[in-house]
>>> print(open('entry-v5.txt').read())   # compact mmCIF, C-alpha atoms
# COMPACT_ATOMS: atom_id res chain seq x y z
CA MET A 1 -45.46 -10.42 29.47
CA LEU A 2 -44.10 -9.92 32.99
CA THR A 3 -46.42 -12.63 34.25
CA LEU A 4 -44.99 -15.11 31.75
CA VAL A 5 -41.41 -14.17 32.62
CA GLY A 6 -42.31 -14.41 36.31
CA LEU A 7 -43.63 -17.94 35.78
CA VAL A 8 -40.37 -18.91 34.07
CA TRP A 9 -38.37 -17.53 37.02
CA ILE A 10 -40.58 -19.53 39.43
CA ALA A 11 -39.95 -22.72 37.46
CA VAL A 12 -36.20 -22.09 37.45
CA GLY A 13 -36.15 -21.21 41.15
CA LEU A 14 -38.20 -24.17 42.30
CA ALA A 15 -36.22 -26.59 40.15
CA ALA A 16 -32.95 -25.30 41.62
CA PHE A 17 -34.32 -25.49 45.17
CA ALA A 18 -35.73 -28.98 44.76
CA ASP A 19 -32.80 -30.67 43.04
CA PRO A 20 -29.69 -28.50 42.63
CA VAL A 21 -27.61 -31.42 41.37
CA GLY A 22 -30.13 -32.39 38.69
CA PHE A 23 -30.76 -28.73 37.86
CA VAL A 24 -27.15 -28.05 36.84
CA ASP A 25 -26.54 -31.47 35.31
CA ILE A 26 -27.79 -30.18 31.93
CA VAL A 27 -24.84 -27.76 31.83
CA ASP A 28 -22.24 -30.24 33.08
CA PHE A 29 -21.83 -28.75 36.56
CA HIS A 30 -20.81 -31.25 39.20
CA LEU A 31 -21.86 -30.27 42.70
CA GLU A 32 -19.54 -32.24 44.93
CA SER A 33 -19.97 -30.31 48.17
CA ALA A 34 -22.63 -28.80 50.39
CA THR A 35 -21.19 -25.37 49.55
CA ALA A 36 -21.67 -25.94 45.84
CA ARG A 37 -25.29 -27.05 46.34
CA LEU A 38 -25.87 -24.06 48.63
CA GLU A 39 -24.66 -21.69 45.90
CA VAL A 40 -26.92 -23.22 43.26
CA ARG A 41 -29.92 -23.00 45.58
CA ALA A 42 -29.08 -19.39 46.48
CA VAL A 43 -28.22 -18.05 43.03
CA TYR A 44 -30.48 -20.08 40.76
CA GLY A 45 -33.18 -20.81 43.31
CA GLY A 46 -33.37 -17.81 45.59
CA MET A 47 -32.51 -15.12 43.07
CA SER A 48 -34.90 -16.59 40.50
CA LEU A 49 -37.77 -16.63 43.00
CA GLY A 50 -36.92 -13.06 44.01
CA LEU A 51 -37.06 -11.99 40.37
CA ALA A 52 -40.39 -13.79 39.98
CA PHE A 53 -41.76 -11.92 43.00
CA LEU A 54 -40.70 -8.59 41.49
CA HIS A 55 -42.36 -9.47 38.17
CA PHE A 56 -45.66 -10.36 39.85
CA ALA A 57 -45.50 -7.29 42.10
CA ALA A 58 -45.05 -5.10 39.02
CA VAL A 59 -48.13 -6.63 37.43
CA ILE A 60 -50.12 -5.74 40.56
CA ARG A 61 -48.51 -2.33 41.26
CA ARG A 62 -48.53 -0.40 38.00
CA LYS A 63 -45.87 2.11 39.12
CA TRP A 64 -43.36 -0.77 39.37
CA LEU A 65 -44.00 -1.84 35.78
CA GLN A 66 -41.35 0.27 34.04
CA PRO A 67 -38.54 -0.52 36.53
CA ALA A 68 -39.42 -4.23 36.39
CA LEU A 69 -39.31 -4.23 32.59
CA VAL A 70 -35.92 -2.49 32.60
CA MET A 71 -34.58 -4.91 35.23
CA SER A 72 -35.85 -7.90 33.32
CA ILE A 73 -34.36 -6.68 30.04
CA ALA A 74 -31.02 -6.06 31.76
CA THR A 75 -31.04 -9.47 33.47
CA LEU A 76 -31.95 -11.47 30.37
CA GLY A 77 -29.66 -9.34 28.21
CA GLY A 78 -26.76 -9.96 30.57
CA LEU A 79 -27.37 -13.69 30.61
CA ALA A 80 -27.67 -13.82 26.82
CA SER A 81 -24.54 -11.70 26.34
CA GLY A 82 -22.51 -13.98 28.58
CA ARG A 83 -23.68 -16.99 26.59
CA LEU A 84 -22.90 -15.25 23.29
CA ILE A 85 -19.35 -14.49 24.41
CA SER A 86 -18.91 -18.10 25.48
CA LEU A 87 -20.22 -19.37 22.15
CA ILE A 88 -17.70 -17.13 20.38
CA VAL A 89 -14.61 -17.90 22.48
CA ASP A 90 -15.37 -21.50 23.51
CA ASP A 91 -16.76 -24.55 21.81
CA PHE A 92 -20.34 -24.51 20.53
CA SER A 93 -22.99 -25.63 23.00
CA ALA A 94 -26.45 -26.46 21.72
CA VAL A 95 -27.86 -26.10 25.24
CA GLY A 96 -26.22 -22.71 25.65
CA ALA A 97 -27.38 -21.57 22.23
CA GLY A 98 -30.94 -22.60 23.07
CA PHE A 99 -30.89 -20.72 26.38
CA MET A 100 -29.39 -17.70 24.63
CA ALA A 101 -32.07 -17.70 21.93
CA GLY A 102 -34.80 -17.74 24.57
CA GLU A 103 -33.13 -14.94 26.50
CA PHE A 104 -32.71 -12.74 23.42
CA LEU A 105 -36.34 -13.42 22.50
CA GLY A 106 -37.33 -12.35 26.01
CA VAL A 107 -35.27 -9.15 25.63
CA ALA A 108 -37.02 -8.36 22.35
CA LEU A 109 -40.52 -8.99 23.70
CA LEU A 110 -39.89 -7.12 26.95
CA GLY A 111 -38.27 -4.28 24.98
CA ALA A 112 -41.39 -4.03 22.84
CA ALA A 113 -43.55 -3.95 25.99
CA LEU A 114 -41.35 -1.21 27.49
CA TRP A 115 -41.49 0.81 24.26
CA ARG A 116 -45.29 0.51 24.18
CA LEU A 117 -45.51 1.55 27.85
CA MET A 118 -43.28 4.59 27.26
CA ARG A 119 -45.23 5.55 24.11
CA ASP A 120 -48.53 5.35 25.99
CA LYS A 121 -47.16 7.56 28.79
CA SER A 122 -46.36 10.36 26.33
>>> encode(input="entry-v5.txt", output="structure tokens")
Amino acid sequence: MLTLVGLVWIAVGLAAFADPVGFVDIVDFHLESATARLEVRAVYGGMSLGLAFLHFAAVIRRKWLQPALVMSIATLGGLASGRLISLIVDDFSAVGAGFMAGEFLGVALLGAALWRLMRDKS
């Protein structure tokens, strides 16, 4: 599961690095300055690739597995929660709802993997 999530983070990170303007166009961001493009590359590109690295490292180093699962659940849960709040207080966004559904699905699958890991440790 962490490998799959890591691959998603790589795709997000590389897409943000390669074309920050096109990357955020789907969510109606308009990057008018070098600073704005820098922020998209750093946050969406750099952070996503860092998260991908952690996921792959946890697959290789078993003792990192539980912390990586918890971090991934917290990250996806935070993203999904922010989208849910926006869907409640702002206008509906099909794009946002789709991202949120994928994030909540990820939380559920990673939560199941964490539960199974904890059960097997006992």
>>> atom_distance(input="entry-v5.txt", atom1="atom CA of Ile88 of chain A", atom2="atom CA of Glu103 of chain A")
16.7 Å
>>> atom_distance(input="entry-v5.txt", atom1="atom CA of Leu2 of chain A", atom2="atom CA of Arg62 of chain A")
11.6 Å
>>> residues_around(input="entry-v5.txt", residues="segment 66-76 of chain A", least_positions_apart="5", cutoff="8 Å", atoms="only C-alpha atoms", output="number ranges by chain")
A: 2, 54-55, 58, 103-104, 106-107, 110-111, 113-114, 117
>>> residues_near_point(input="entry-v5.txt", point="(-32.9, -17.9, 42.5)", cutoff="10 Å", atoms="all atoms listed in the file", output="list of chain:residue names")
A:Trp9, A:Ile10, A:Ala11, A:Val12, A:Gly13, A:Leu14, A:Ala15, A:Ala16, A:Phe17, A:Glu39, A:Val40, A:Arg41, A:Ala42, A:Val43, A:Tyr44, A:Gly45, A:Gly46, A:Met47, A:Ser48, A:Leu49, A:Gly50, A:Leu51, A:Ala52
>>> atom_distance(input="entry-v5.txt", atom1="atom CA of Met100 of chain A", atom2="atom CA of Val27 of chain A")
13.2 Å
>>> closest_residue(input="entry-v5.txt", among="A:Leu38, A:Val59, A:Ala80, A:Leu109", to="Ala18 of chain A", atoms="only C-alpha atoms")
A:Leu38
>>> closest_residue(input="entry-v5.txt", among="A:Leu87, A:Ala36, A:Leu4, A:Leu65", to="Met118 of chain A", atoms="all atoms listed in the file")
A:Leu65
>>> closest_residue(input="entry-v5.txt", among="A:Phe92, A:Trp115, A:Phe53, A:Trp64", to="Val8 of chain A", atoms="all atoms listed in the file")
A:Phe53
>>> residues_around(input="entry-v5.txt", residues="segment 95-98 of chain A", least_positions_apart="4", cutoff="12 Å", atoms="all atoms listed in the file", output="PDB file with C-alpha atoms, keeping the file's coordinate frame")
ATOM      1  CA  VAL A  24     -27.150 -28.050  36.840  1.00  0.00           C
ATOM      2  CA  ASP A  25     -26.540 -31.470  35.310  1.00  0.00           C
ATOM      3  CA  ILE A  26     -27.790 -30.180  31.930  1.00  0.00           C
ATOM      4  CA  VAL A  27     -24.840 -27.760  31.830  1.00  0.00           C
ATOM      5  CA  ASP A  28     -22.240 -30.240  33.080  1.00  0.00           C
ATOM      6  CA  LEU A  79     -27.370 -13.690  30.610  1.00  0.00           C
ATOM      7  CA  ALA A  80     -27.670 -13.820  26.820  1.00  0.00           C
ATOM      8  CA  SER A  81     -24.540 -11.700  26.340  1.00  0.00           C
ATOM      9  CA  GLY A  82     -22.510 -13.980  28.580  1.00  0.00           C
ATOM     10  CA  ARG A  83     -23.680 -16.990  26.590  1.00  0.00           C
ATOM     11  CA  LEU A  84     -22.900 -15.250  23.290  1.00  0.00           C
ATOM     12  CA  ILE A  85     -19.350 -14.490  24.410  1.00  0.00           C
ATOM     13  CA  SER A  86     -18.910 -18.100  25.480  1.00  0.00           C
ATOM     14  CA  LEU A  87     -20.220 -19.370  22.150  1.00  0.00           C
ATOM     15  CA  ILE A  88     -17.700 -17.130  20.380  1.00  0.00           C
ATOM     16  CA  ASP A  90     -15.370 -21.500  23.510  1.00  0.00           C
ATOM     17  CA  ASP A  91     -16.760 -24.550  21.810  1.00  0.00           C
ATOM     18  CA  GLY A 102     -34.800 -17.740  24.570  1.00  0.00           C
ATOM     19  CA  GLU A 103     -33.130 -14.940  26.500  1.00  0.00           C
ATOM     20  CA  PHE A 104     -32.710 -12.740  23.420  1.00  0.00           C
ATOM     21  CA  LEU A 105     -36.340 -13.420  22.500  1.00  0.00           C
TER      22      LEU A 105
END
